[in-house]
Amino acid sequence: MDVYEAVVSRRAVRGFTDRPVPREVLERVLSAAAWAPSASNLQPWHAYVLTGAPLAELKKRAGERIAAGDPWDEPEYEQYPPALKSPYRERRSAFGEQRYGALGIPHEDVEARQRAASANWDCFGAPAALFCYIDRDLGPAQWSDVGMYLQTVMLLLRAEGLHSCAQMAWAKYRKTVAEVLSPPDELVLFCGMSIGFEDVTVGYTRTGRASLDETVTFVDGY
């Protein structure tokens, strides 16, 4: 698989089989991802990978919280600005309509949307998950570096025939994740990532992208 194919075929998969992901594949991916760029080579990412019994325990604990109606943990970072301006507001709204529309859930059915969202905390059935932390003393540039690392991981997973779904949703259950992982206090959970082989029986609608003219300005010197 070449780079272009990996980029275009990468998407947020929300349905995985229970086929195990070999440890050696995960090690190969994460060893190569260590070459992702970071300013002054700080390498600010701290990744934890869960499979088997530890991941099952995390899913169980998260499921118990959902069943009990526990409120989300207080945020340690702002996922979206409180007043999301145009065109980002419209793009986010369009994503929601496409995501839940593919599941046959109408806009007004809030309860059904919440049930669908709860699949995040089962990792959509994936047999492996990565949880990415960053030191809370670092700044926006280092958070950007973490994003480049995660993108590198996801593209390398595609090269291995695997799919993924990056999930900021796990930050809402960060205390439950910490119960299983016991990360140092100085780390902030940025996101989780479900990893595995796609369940092709799960339907989806791929979200679109803005046109090149909307996001890119060429200043030609030819």
# chains A, B, ... in the order shown; residues from 1 in each chain; ligands from 1
call {"tool": "select_by_dssp", "arguments": {"residues": "segment 58-152 of chain A", "states": "helix (DSSP H, G or I)", "output": "NGL selection string"}}
result
:A and (58-68 or 88-102 or 110-125 or 140-152)
call {"tool": "select_by_dssp", "arguments": {"residues": "segment 94-190 of chain A", "states": "strand (DSSP E or B)", "output": "list in words"}}
result
Ala128, Ala129, Leu130, Phe131, Cys132, Tyr133, Ile134, Asp135, His163, Ser164, Cys165, Ala166, Gln167, Leu187, Val188, Leu189 and Phe190 of chain A
call {"tool": "closest_atom_pairs", "arguments": {"of": "segment 80-175 of chain A", "to": "segment 193-208 of chain A", "cutoff": "10 Å", "atoms": "only C-alpha atoms", "output": "Markdown table"}}
result
| residue | atom | partner | partner_atom | distance |
| --- | --- | --- | --- | --- |
| A:Arg91 | CA | A:Gly208 | CA | 9.3 |
| A:Ala94 | CA | A:Thr207 | CA | 8.3 |
| A:Phe95 | CA | A:Thr207 | CA | 6.4 |
| A:Gly96 | CA | A:Thr207 | CA | 9.5 |
| A:Glu97 | CA | A:Thr207 | CA | 9.7 |
| A:Gln98 | CA | A:Thr205 | CA | 6.6 |
| A:Arg99 | CA | A:Thr205 | CA | 6.8 |
| A:Tyr100 | CA | A:Thr205 | CA | 9.3 |
| A:Gly101 | CA | A:Thr205 | CA | 8.4 |
| A:Ala102 | CA | A:Tyr204 | CA | 5.8 |
| A:Leu103 | CA | A:Tyr204 | CA | 7.7 |
| A:Asn120 | CA | A:Ser194 | CA | 8.7 |
| A:Trp121 | CA | A:Ser194 | CA | 9.6 |
| A:Asp122 | CA | A:Ser194 | CA | 9.0 |
| A:Cys123 | CA | A:Ser194 | CA | 5.3 |
| A:Phe124 | CA | A:Ser194 | CA | 7.3 |
| A:Gly125 | CA | A:Ser194 | CA | 8.4 |
| A:Ala126 | CA | A:Gly196 | CA | 5.4 |
| A:Pro127 | CA | A:Gly196 | CA | 6.1 |
| A:Ala128 | CA | A:Ile195 | CA | 5.1 |
| A:Ala129 | CA | A:Ser194 | CA | 4.6 |
| A:Leu130 | CA | A:Met193 | CA | 5.0 |
| A:Phe131 | CA | A:Met193 | CA | 6.3 |
| A:Cys132 | CA | A:Met193 | CA | 8.1 |
| A:Leu150 | CA | A:Met193 | CA | 8.8 |
| A:Val153 | CA | A:Met193 | CA | 9.9 |
| A:Met154 | CA | A:Ile195 | CA | 8.9 |
| A:Leu157 | CA | A:Ile195 | CA | 8.2 |
| A:Arg158 | CA | A:Phe197 | CA | 10.0 |
| A:Glu160 | CA | A:Phe197 | CA | 10.0 |
| A:Gly161 | CA | A:Phe197 | CA | 7.5 |
| A:Leu162 | CA | A:Phe197 | CA | 5.2 |
| A:His163 | CA | A:Gly196 | CA | 5.6 |
| A:Ser164 | CA | A:Ile195 | CA | 4.5 |
| A:Cys165 | CA | A:Ser194 | CA | 5.1 |
| A:Ala166 | CA | A:Met193 | CA | 4.3 |
| A:Gln167 | CA | A:Met193 | CA | 5.6 |
| A:Met168 | CA | A:Met193 | CA | 8.5 |
| A:Ala169 | CA | A:Met193 | CA | 9.8 |
| A:Trp170 | CA | A:Met193 | CA | 8.8 |
call {"tool": "closest_atom_pairs", "arguments": {"of": "segment 130-215 of chain A", "to": "segment 20-36 of chain A", "cutoff": "6 Å", "atoms": "only C-alpha atoms", "output": "Markdown table"}}
result
| residue | atom | partner | partner_atom | distance |
| --- | --- | --- | --- | --- |
| A:Tyr149 | CA | A:Ala36 | CA | 5.3 |
| A:Thr152 | CA | A:Ala33 | CA | 5.7 |
| A:Val153 | CA | A:Ala33 | CA | 5.5 |
| A:Leu156 | CA | A:Val29 | CA | 5.8 |
call {"tool": "write_last_selection", "arguments": {"atoms": "all heavy atoms", "output": "mmCIF file, in the first residue's frame"}}
result
data_model
loop_
_atom_site.group_PDB
_atom_site.id
_atom_site.type_symbol
_atom_site.label_atom_id
_atom_site.label_comp_id
_atom_site.auth_asym_id
_atom_site.auth_seq_id
_atom_site.Cartn_x
_atom_site.Cartn_y
_atom_site.Cartn_z
ATOM 1 N N TYR A 149 1.929 12.512 15.423
ATOM 2 C CA TYR A 149 2.273 11.142 15.832
ATOM 3 C C TYR A 149 1.081 10.207 15.622
ATOM 4 O O TYR A 149 1.218 9.119 15.054
ATOM 5 C CB TYR A 149 2.705 11.148 17.295
ATOM 6 C CG TYR A 149 2.829 9.775 17.911
ATOM 7 C CD1 TYR A 149 3.912 8.945 17.608
ATOM 8 C CD2 TYR A 149 1.873 9.303 18.820
ATOM 9 C CE1 TYR A 149 4.027 7.683 18.179
ATOM 10 C CE2 TYR A 149 1.984 8.051 19.394
ATOM 11 C CZ TYR A 149 3.058 7.244 19.075
ATOM 12 O OH TYR A 149 3.173 5.995 19.650
ATOM 13 N N THR A 152 0.481 9.445 12.036
ATOM 14 C CA THR A 152 1.481 8.498 11.564
ATOM 15 C C THR A 152 1.118 7.082 11.972
ATOM 16 O O THR A 152 1.207 6.145 11.173
ATOM 17 C CB THR A 152 2.870 8.879 12.108
ATOM 18 O OG1 THR A 152 3.195 10.209 11.702
ATOM 19 C CG2 THR A 152 3.940 7.934 11.595
ATOM 20 N N VAL A 153 0.688 6.914 13.218
ATOM 21 C CA VAL A 153 0.255 5.592 13.688
ATOM 22 C C VAL A 153 -0.882 5.066 12.821
ATOM 23 O O VAL A 153 -0.868 3.914 12.364
ATOM 24 C CB VAL A 153 -0.187 5.659 15.168
ATOM 25 C CG1 VAL A 153 -0.870 4.348 15.586
ATOM 26 C CG2 VAL A 153 1.005 5.936 16.083
ATOM 27 N N LEU A 156 0.266 3.965 9.334
ATOM 28 C CA LEU A 156 1.024 2.721 9.405
ATOM 29 C C LEU A 156 0.096 1.532 9.673
ATOM 30 O O LEU A 156 0.324 0.432 9.155
ATOM 31 C CB LEU A 156 2.094 2.816 10.493
ATOM 32 C CG LEU A 156 3.269 3.748 10.165
ATOM 33 C CD1 LEU A 156 4.089 4.041 11.416
ATOM 34 C CD2 LEU A 156 4.155 3.124 9.086
#
call {"tool": "closest_residue", "arguments": {"among": "A:Arg61, A:Arg209, A:His46, A:Arg92", "to": "Arg174 of chain A", "atoms": "only C-alpha atoms"}}
result
A:Arg61
call {"tool": "closest_residue", "arguments": {"among": "A:Cys191, A:Ala6, A:Ile66, A:Leu212", "to": "Gln114 of chain A", "atoms": "only C-alpha atoms"}}
result
A:Ile66
call {"tool": "closest_residue", "arguments": {"among": "A:Ala171, A:Ala119, A:Ala159, A:Val188", "to": "Lys59 of chain A", "atoms": "only C-alpha atoms"}}
result
A:Ala119
call {"tool": "closest_residue", "arguments": {"among": "A:Tyr80, A:Leu42, A:Tyr4, A:Phe190", "to": "Val177 of chain A", "atoms": "only C-alpha atoms"}}
result
A:Phe190
call {"tool": "closest_residue", "arguments": {"among": "A:Ile134, A:Ala178, A:Ala47, A:Val13", "to": "Tyr77 of chain A", "atoms": "only C-alpha atoms"}}
result
A:Ile134
